[in-house]
Structures are given as structure tokens and as C-alpha cells.
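Read the structure below first, then the notes.
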Amino acid sequence: MTEQSPALDNLLTESRSFPPGAEFAGAANVGPDVYGAAEEDREEFWAEQARRLSWDTGWSRVLDWSGAPFAKWFAGGRLNVAYNCVDRHVEAGFGDQVAIHWVGEPGDTRDITYAQLKDDVSRAANALVSVGVVAGDVVAIQLQMVPEAIVAMLACARIGALHSVVFGGFSPTALRARVDDAAAKVVITSDGQYRRGKAAPMKANVDEALAGAESVEKVIVVRRTGDALEGATPWVAGRDVWWHDLVDAQPAEHRPEAFDSEHPLFILYTSGTTGRPKGILHTSGGYLTQAAYTHHVVFDHKPGVDVYWCTADIGWITGHSYIVYGPLANRVTQVVYEGTPNTPHEGRHWEIIQKYKVSIYYTAPTLIRTFMKWGADIPAKYDLSSLRVLGSVGEPINPEAWIWYRDTIGASKTPIVDTWWQTETGAIMISPLPGVTATKPGSAQRALPGISAKVVDDTGTEVPPGGGGYLVLDKPWPSMLRGVWGDDERFRDTYWSRFAEQGFYFAGDGAKYDTDGDIWLLGRVDDVMNVSGHRISTTEVESALVSHPAVAEAAVVGASDPTTGQGIVAFVILRAAHTTDSGGEDAVQELRNHVAKEIGPIAKPRQILIVPELPKTRSGKIMRRLLRDIAENRTIGDVTTLADSSVMDLISAGLNTGK
Ligand code: PRX
């Protein structure tokens, strides 16, 4: 059905399998019987997991699906999410346990215990209240990986405000679109951030974004780079306030109020198939239940024993669910690292693992492939023997990278959990269990206990073992999205209309079963690209390109890339007035920078090809399939549905002669 990149082809011929060691299996948090128990009574299974949390009021109903596709989980129950992630551990006598070993990029460190985290979150909650934030308000957070980012998120949760975290690498335009869409009342950011050894401004970009933004009443600024940054931090009197002035002066006592299980917890924007990002809405009780349960079983996490490190950024869902909510609800001790993996040297991650004796490490295939490129001699210099579980997320992991990860980082014995999920699913859905599953390189394998996933054909019929098709989730799950912010229709259209008759959630991923019935994810089937594990829509980049005066038309495709999974390749038709200059070299540079400015550096096309025409069907739809053939240097496929089949010759001829 879907076209596969060559990198994925060998996924389909992979047949190795690695059962868990007896010792690991014997001590694991769950055994093989967990699947059967969950199957027998799914609702009771999830109720049991919800009881791992602390509730002020019990629920009256586990699942209310009467308003499908809008689910209510643990209906009638009340809890405070931040209390569950922080206070209850202090009350249980673990106040002195380190919650966060924070490592700054320049080498500064902070260890924060649960008792300190409770004080910090309480102060920040009081600070937000003092500037007028109330339950239901939206607070936008654009911060790098500093402890204040986590504290700010938990402070919002504590007072029932929704956070909308915006990745630090997003442009002012992208930040503004998100601030406006949710009418954010407060923005939390920093003066600047360290990136590859240098201080770069952050507040200046935020100011550019917020010029004329009417909803924003306060901007709270964390001092991070201070004097390392040239010039004074730009300041809007009356609107801006330093975090240390506002927060540090607050009392460390704050009584957490219980909120309804379905009270909104956060919005997180993600790319869809149109140019406008979607605000994915998550709520409290069900989300926390599944984030915490999956962190407990997928990583076999033992509180007070393990040292956990998820390398994601809080700007993405992985940072929300597997740095903040799931791990802290489970009383984790975790590493949070501010910087890039090669600053100041390419062994930085291994050095940190050695220093803190990290036992669970969760990262993305793109980084694993980068480590491979840097060479096995780098991790070989460090003691990585503390590692006992390795995780992967964000894109399909190719078997070579999987094996390298296990052999080079995991001493040829550490289980690898390849976890499939999405911003929309809120938490892990398909993954091996490290003490149960015989793992297969490149396969996420099986829906977790209490979760149901299927591979179906065009008509929604499940394909047989060995067959391929679309991945669907055929039963509601606790951490499922509760909608697209302000756009119920888009929510129904995007996820629930493709298989409306069956009531399946359409994930947008291609998948196949192997002959054992295990699931192999094969990448997106829509116009969403996956670049270094970041979701970017082709239309979003196209809109950015055509917003430049030199561009008449643009088409963007994701072409397979050995390191980043996919790379962005743009085909651009220039306006007549711009086609005369230097074979387009200057235009290409300028357009790449323009996209970075419009969306952010992560969306910069790897390649921009100036072309005279674009291949279109008779109804005017751009045939990206053909452009992908060019971008991946393949023989061009079937052109019979093109309105003008000579267009491809024209494009190829132009590219070959460099015109
Ligand atoms: O295509 C799948 C891919 O990432 C998409 C979700 O992206 P996002 O919402 O940004 O969340 C990423 C982190 C959870 C999916 O539709 N994806 C994620 N994990 C995997 C994956 N593809 C294959 N294997 C995975 N383990």
C-alpha cells in the first residue's frame, strides 16, 4: 500500500529475536500474565492502574464513551496532578530523594530533592496566582531544559491552569500563532539559552513574537545566560517580570486543590496535514494514569533504585509524559540535561551516564544513528555498566541502529524497548515489555496491556499475519487526546472520519504484522514528515515558502535520510522576476533561511530545487510520490495520472543541467 523508503526495506527481512534474561524477567515489574488480566476486564485493569495515584474523590465510572469520540475517563473522580507528582512522595517520607539531577550545558549542576521541588512548585503556583492566573487559563512556556521549565509546568497543573509548551527552537511567528490560538494570558521564558557552547538570545525572540499580542498580560523571565549574553535583556515595563523577583518572594506553602479527572491539563501543538498546527488537548486523571503506568512497566522503573534519563525536550510530548508526568508520579530520580549531545565533546551523554549511574536511558533513533556515525570508540571510553533498559521513540528504528544500540551501549544484553505512540495518544501504546517480550530489532511489537491496536486495510478489515495496511486504535484509552483546541470538527475529521463506520482512531501510520502477529511501524501515510523525530507537515513548509515574494509555487516532500530518518526536500517555482539570478543559488540560501524564520531551524529544507513546473493530477493535486522519486534518486514511477506527463521530463532535464 504505502511507499516505503529504502532504509525501511530491511525492516521487513529482519528475523532476529532476543528474549529477556532470566534474572531481569524474575525481578520485572510485570510478568507475561499481565496481558491476559488486562484483556479479561479492560476497565477494571485501568481502574487498578488509576489506584496507583492519589485521588481526593473516587470516580463513579471508569470510562464514559457515550460522547464518543470525546472520552471521559474516571468520570466524577477528582485529583491534583502536581500533588501526585511531588507532594505525596514527600508525605510518604521521600523528601530527601533526588528528583532531578540537572546538568547545565556549560557544566553547572543542580540536584533537586522532592522536598525542594515541592517548595519550588508551590512558590511558582503562588506566583502565577499573584499575577492573576486562575484555573482554566492558558500559560505558554518557551524555555530550554532548565529546572524552571518543569517547575512551571507543575505549577500550572497545581492551580488547574493549562500549559502550552512551545519548543525553544520555534520561531517568533510559530510562537505567536500558538499564543494567539489559545489566548495565552502569561508567557514564561528565559533571557537566553546555551547552545553548543554559546549563549543565544531567547527573550528578544519572544518579544518579537508578542508584539501586539492582546491576550498576554505578563511575561515571566528566567535568568539563565545573564551576563554571558551581550547587551541588556529587552524589557517591556509593566508586562515583564524576572522569575527570581516574582517566584522567590512567594511562600513555599500552597494547598493543592483537587480538579475533575477531565479537567484540562495541557495543550501541545503538533503538525497535521494542513499548514496550521493543531492544539492537542490532554486532561488529568486518565492521562496521568497511563503516563505513570507505562513508565512503570515499559521501563521497569524501580523508584529509589533506578536513575532514569529521557533525552527529549519538554517542548515535545515525550518530554511531557516521560520527563514530567509519568516519571515524577512514579517517584523517579532522573537526569535532565540542558545541552546538545556533542557539547563540549561527543561523549557528553556517556560521561553523564557514568557520573550519575544512569540505569534507564530513553532516546530517539536519529540520535542513535548520530552516535553510530561518531564511532563506537567514544562510548567505549566510559563505564556504561549501570544501564539496564534502553528505549527508543519518535520514528521507526532500523535494525542496524537497534543492534548497535544494544551491543555498543547496552553491552549486548540490555533489553531495548521500541515505543510507538504520538502526541495525540499521550502515552506509550505499542512497545515490548522488557522483562516479558522477546524483542525484535525494529519492531514495536505489541499493544501494551489494556491497549488495543490493529493493522487494517482500506476497508477497515484487519489484515492477516504477514499483511500490511494502516495502524488503527480500535478501543479508547485513558491518555487519549480529548480534542483539538477550539476545533471539534478538525478533531473528528482528522482522526475519526477515515474509519468512522468502525469507530477506529486513525493514527496516520502505515504498519504490518509479521507472521507472529507482531506489529512493525512503517512511517506516516499522510503528508506529515518525520525529521529527527520531529513532526513537520509538508503543507506547513510549503506555506512558509510561498510566503516569500520570490516564490510562485512550492511542493515539499520528505525524502529518506540516513541520519535524520527523513530530510525535507522542496521543489520551488520562482516568480519570473527572480529567475535570472546565479542559477538560483542565492535564492536557495535565502529561502532556506526564510523557512527557518517562519517556522524554526528544524524545518529548514535539506535541499531546495528550483524547477520550471510541478507534477499535478488533472484535478490539480501535486503528485508528491513523483517528487519523492526524484528526491531519493529513484526511477520515476507511473506518470499516467499526470495532467501533462512531459512535466517530469522537464523537471529532470532542468535538474540534470543544473538549471
Ligand atoms: O509516525 C509515528 C512516529 O512519530 C509519530 C508521532 O509523532 P509525535 O506526535 O511527534 O510523537 C513522537 C513521540 C511519541 C507517529 O505517528 N513514531 C513515534 N514513535 C515511533 C514512531 N514510528 C515508528 N516507531 C516508533 N517507535
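Just so we're on the same page: first chain in the C-alpha cells is A, next is B, and so on; residues restart at 1 for each chain, and ligands are numbered from 1 in the order they show up.
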Counting only C-alpha atoms and all ligand atoms, which protein, DNA or RNA residues come within 7 Å of ligand 1, given as a PyMOL selection string? chain A and resi 270+316-318+392-397+418-424+444+507-509+521-524+530+533-535
As a ChimeraX atom specification, please: every residue in stretch 67-257 of chain A that a backbone DSSP assignment puts in strand (DSSP E or B). /A:72-75,78-79,98-103,109-113,138-141,162-165,186-190,192-195,198-201,218-222,240-242
So that I have them on file, write out the residues from the current selection with C-alpha atoms, as a PDB file, in the first residue's frame.
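Here's the written file result.pdb:
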ATOM      1  CA  LYS A  72     -14.317  10.645  29.845  1.00  0.00           C
ATOM      2  CA  TRP A  73     -12.056   8.513  31.994  1.00  0.00           C
ATOM      3  CA  PHE A  74     -12.542   8.122  35.726  1.00  0.00           C
ATOM      4  CA  ALA A  75     -15.628  10.288  35.493  1.00  0.00           C
ATOM      5  CA  ARG A  78     -11.027  14.387  41.487  1.00  0.00           C
ATOM      6  CA  LEU A  79      -7.272  14.729  41.926  1.00  0.00           C
ATOM      7  CA  VAL A  98      16.743  13.479  44.467  1.00  0.00           C
ATOM      8  CA  ALA A  99      14.032  14.065  41.884  1.00  0.00           C
ATOM      9  CA  ILE A 100      16.226  15.830  39.338  1.00  0.00           C
ATOM     10  CA  HIS A 101      19.955  15.701  38.710  1.00  0.00           C
ATOM     11  CA  TRP A 102      20.145  18.715  36.454  1.00  0.00           C
ATOM     12  CA  VAL A 103      23.185  19.209  34.222  1.00  0.00           C
ATOM     13  CA  THR A 109      24.759  21.232  38.020  1.00  0.00           C
ATOM     14  CA  ARG A 110      21.859  21.213  40.483  1.00  0.00           C
ATOM     15  CA  ASP A 111      20.408  18.336  42.456  1.00  0.00           C
ATOM     16  CA  ILE A 112      16.789  18.935  43.412  1.00  0.00           C
ATOM     17  CA  THR A 113      15.121  16.744  46.025  1.00  0.00           C
ATOM     18  CA  VAL A 138      -3.570  29.154  29.446  1.00  0.00           C
ATOM     19  CA  VAL A 139       0.114  29.742  30.207  1.00  0.00           C
ATOM     20  CA  ALA A 140       2.551  29.484  27.302  1.00  0.00           C
ATOM     21  CA  ILE A 141       6.029  28.242  28.198  1.00  0.00           C
ATOM     22  CA  LEU A 162      -3.302  24.704  31.170  1.00  0.00           C
ATOM     23  CA  HIS A 163       0.241  24.924  29.935  1.00  0.00           C
ATOM     24  CA  SER A 164       1.081  25.194  26.292  1.00  0.00           C
ATOM     25  CA  VAL A 165       4.772  24.444  25.958  1.00  0.00           C
ATOM     26  CA  VAL A 186       1.039  34.550  30.648  1.00  0.00           C
ATOM     27  CA  VAL A 187       4.239  33.553  28.847  1.00  0.00           C
ATOM     28  CA  ILE A 188       7.196  32.050  30.702  1.00  0.00           C
ATOM     29  CA  THR A 189      10.594  32.190  29.027  1.00  0.00           C
ATOM     30  CA  SER A 190      14.278  32.928  29.683  1.00  0.00           C
ATOM     31  CA  GLY A 192      18.795  33.370  26.708  1.00  0.00           C
ATOM     32  CA  GLN A 193      19.896  29.794  26.222  1.00  0.00           C
ATOM     33  CA  TYR A 194      23.174  27.933  25.870  1.00  0.00           C
ATOM     34  CA  ARG A 195      23.506  26.171  22.575  1.00  0.00           C
ATOM     35  CA  LYS A 198      27.365  29.824  23.103  1.00  0.00           C
ATOM     36  CA  ALA A 199      24.706  31.980  24.709  1.00  0.00           C
ATOM     37  CA  ALA A 200      21.865  32.818  22.319  1.00  0.00           C
ATOM     38  CA  PRO A 201      19.015  35.234  22.981  1.00  0.00           C
ATOM     39  CA  LYS A 218       2.602  39.021  31.905  1.00  0.00           C
ATOM     40  CA  VAL A 219       5.896  37.638  30.704  1.00  0.00           C
ATOM     41  CA  ILE A 220       7.934  35.857  33.367  1.00  0.00           C
ATOM     42  CA  VAL A 221      11.637  35.629  32.546  1.00  0.00           C
ATOM     43  CA  VAL A 222      14.046  33.068  33.985  1.00  0.00           C
ATOM     44  CA  ASP A 240       7.727  41.664  32.136  1.00  0.00           C
ATOM     45  CA  VAL A 241       8.952  40.334  35.445  1.00  0.00           C
ATOM     46  CA  TRP A 242      12.001  38.267  36.415  1.00  0.00           C
TER      47      TRP A 242
END
Need to verify the contact set: A:Gly286, 10 Å, only C-alpha atoms, exclusion of same-chain residues closer than 2 positions in sequence. Can you return it as number ranges by chain? A: 46-47, 49-50, 62-63, 71-75, 261-262, 282-284, 288-292, 426, 477-480
Applying 10 Å and only C-alpha atoms, which residues near A:Ser547 remain after dropping the ones on its own chain fewer than 5 positions away? List them as a compact mmCIF listing (two decimals) with N, CA and C atoms, in the first residue's frame.
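Generated output (selection_1.txt):
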# COMPACT_ATOMS: atom_id res chain seq x y z
N VAL A 541 5.56 23.72 5.53
CA VAL A 541 6.78 24.23 4.90
C VAL A 541 6.44 24.89 3.56
N GLU A 542 5.47 24.30 2.86
CA GLU A 542 5.05 24.93 1.59
C GLU A 542 4.49 26.32 1.83
N ALA A 552 6.63 31.41 -6.55
CA ALA A 552 5.33 31.33 -7.19
C ALA A 552 4.58 30.11 -6.67
N GLU A 553 5.29 28.99 -6.54
CA GLU A 553 4.66 27.76 -6.11
C GLU A 553 5.70 26.86 -5.45
N HIS A 594 14.51 31.71 5.14
CA HIS A 594 13.15 32.21 5.30
C HIS A 594 12.27 31.17 6.02
N VAL A 595 12.44 29.91 5.65
CA VAL A 595 11.66 28.85 6.31
C VAL A 595 12.05 28.77 7.79
N GLU A 598 10.31 31.52 9.52
CA GLU A 598 8.86 31.35 9.61
C GLU A 598 8.46 30.27 10.60
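Taking atom CA of A:Thr294 as the reference point, atom CA of A:Val30 is found at 11.2 Å.
Using only C-alpha atoms, the protein and nucleic acid residues lying no more than 10 Å from A:Glu208, apart from those fewer than 2 places from it along its own chain, are A:Ser171, A:Pro172, A:Thr173, A:Leu175, A:Arg176, A:Lys203, A:Ala204, A:Asn205, A:Val206, A:Leu210, A:Ala211, A:Gly212.
When only C-alpha atoms are used to measure the gap to A:Ala447, the shortest distance among A:Glu39, A:Glu346, A:Asp383, A:Asp56 belongs to A:Glu39.
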Could you go through stretch 239-282 of chain A and tell me which residues DSSP, when run on the backbone, assigns to alpha helix (DSSP H), listing them as a ChimeraX atom specification? /A:243-246
Stretch 624-637 of chain A environment, 12 Å, only C-alpha atoms, sequence neighbours closer than 5 positions dropped, as a PyMOL selection string: chain A and resi 2-7+525-529+538-539+554-562+566-572+605-609+611+613-617+642+645+647-649+651-653+655-656
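The space between atom CA of A:Ala577 and atom CA of A:Pro549 spans 10.0 Å.
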Report as a list in words all protein, DNA and RNA residues lying within 8 Å of A:Asn126, evaluated on only C-alpha atoms, omitting residues in the same chain fewer than 2 positions from it. Ser122, Arg123, Ala124, Leu128, Val129, Ser130, Val247, Gln250, Pro251 and His254 of chain A
With N, CA and C atoms retained, write the just-selected residues as a PDB file, in the first residue's frame.
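That gives us again32.pdb:
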ATOM      1  N   SER A 122       5.377  25.025  44.698  1.00  0.00           N
ATOM      2  CA  SER A 122       4.414  25.796  45.497  1.00  0.00           C
ATOM      3  C   SER A 122       4.639  27.291  45.298  1.00  0.00           C
ATOM      4  N   ARG A 123       5.902  27.706  45.337  1.00  0.00           N
ATOM      5  CA  ARG A 123       6.209  29.133  45.125  1.00  0.00           C
ATOM      6  C   ARG A 123       5.758  29.583  43.742  1.00  0.00           C
ATOM      7  N   ALA A 124       6.059  28.768  42.743  1.00  0.00           N
ATOM      8  CA  ALA A 124       5.682  29.145  41.376  1.00  0.00           C
ATOM      9  C   ALA A 124       4.160  29.189  41.231  1.00  0.00           C
ATOM     10  N   LEU A 128       2.027  32.448  40.085  1.00  0.00           N
ATOM     11  CA  LEU A 128       1.048  32.514  38.987  1.00  0.00           C
ATOM     12  C   LEU A 128      -0.282  33.079  39.491  1.00  0.00           C
ATOM     13  N   VAL A 129      -0.683  32.622  40.674  1.00  0.00           N
ATOM     14  CA  VAL A 129      -1.927  33.144  41.254  1.00  0.00           C
ATOM     15  C   VAL A 129      -1.787  34.653  41.469  1.00  0.00           C
ATOM     16  N   SER A 130      -0.598  35.083  41.928  1.00  0.00           N
ATOM     17  CA  SER A 130      -0.402  36.509  42.238  1.00  0.00           C
ATOM     18  C   SER A 130      -0.491  37.400  40.996  1.00  0.00           C
ATOM     19  N   VAL A 247       8.984  34.811  41.815  1.00  0.00           N
ATOM     20  CA  VAL A 247       8.760  33.485  42.413  1.00  0.00           C
ATOM     21  C   VAL A 247       9.467  33.348  43.763  1.00  0.00           C
ATOM     22  N   GLN A 250       7.769  34.331  47.023  1.00  0.00           N
ATOM     23  CA  GLN A 250       6.490  33.716  47.413  1.00  0.00           C
ATOM     24  C   GLN A 250       6.679  32.722  48.563  1.00  0.00           C
ATOM     25  N   PRO A 251       5.632  32.511  49.340  1.00  0.00           N
ATOM     26  CA  PRO A 251       5.709  31.470  50.370  1.00  0.00           C
ATOM     27  C   PRO A 251       5.800  30.073  49.753  1.00  0.00           C
ATOM     28  N   HIS A 254       1.603  25.991  49.544  1.00  0.00           N
ATOM     29  CA  HIS A 254       0.456  26.185  48.658  1.00  0.00           C
ATOM     30  C   HIS A 254      -0.406  24.934  48.748  1.00  0.00           C
TER      31      HIS A 254
END
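Between atom CA of A:Val131 and atom CA of A:Val216 lies a distance of 11.5 Å.
Among A:Pro20, A:Gly510, A:Gly460, A:Gly486, the residue with the shortest atom-to-atom distance to A:Lys278, counting only C-alpha atoms, is A:Gly486.
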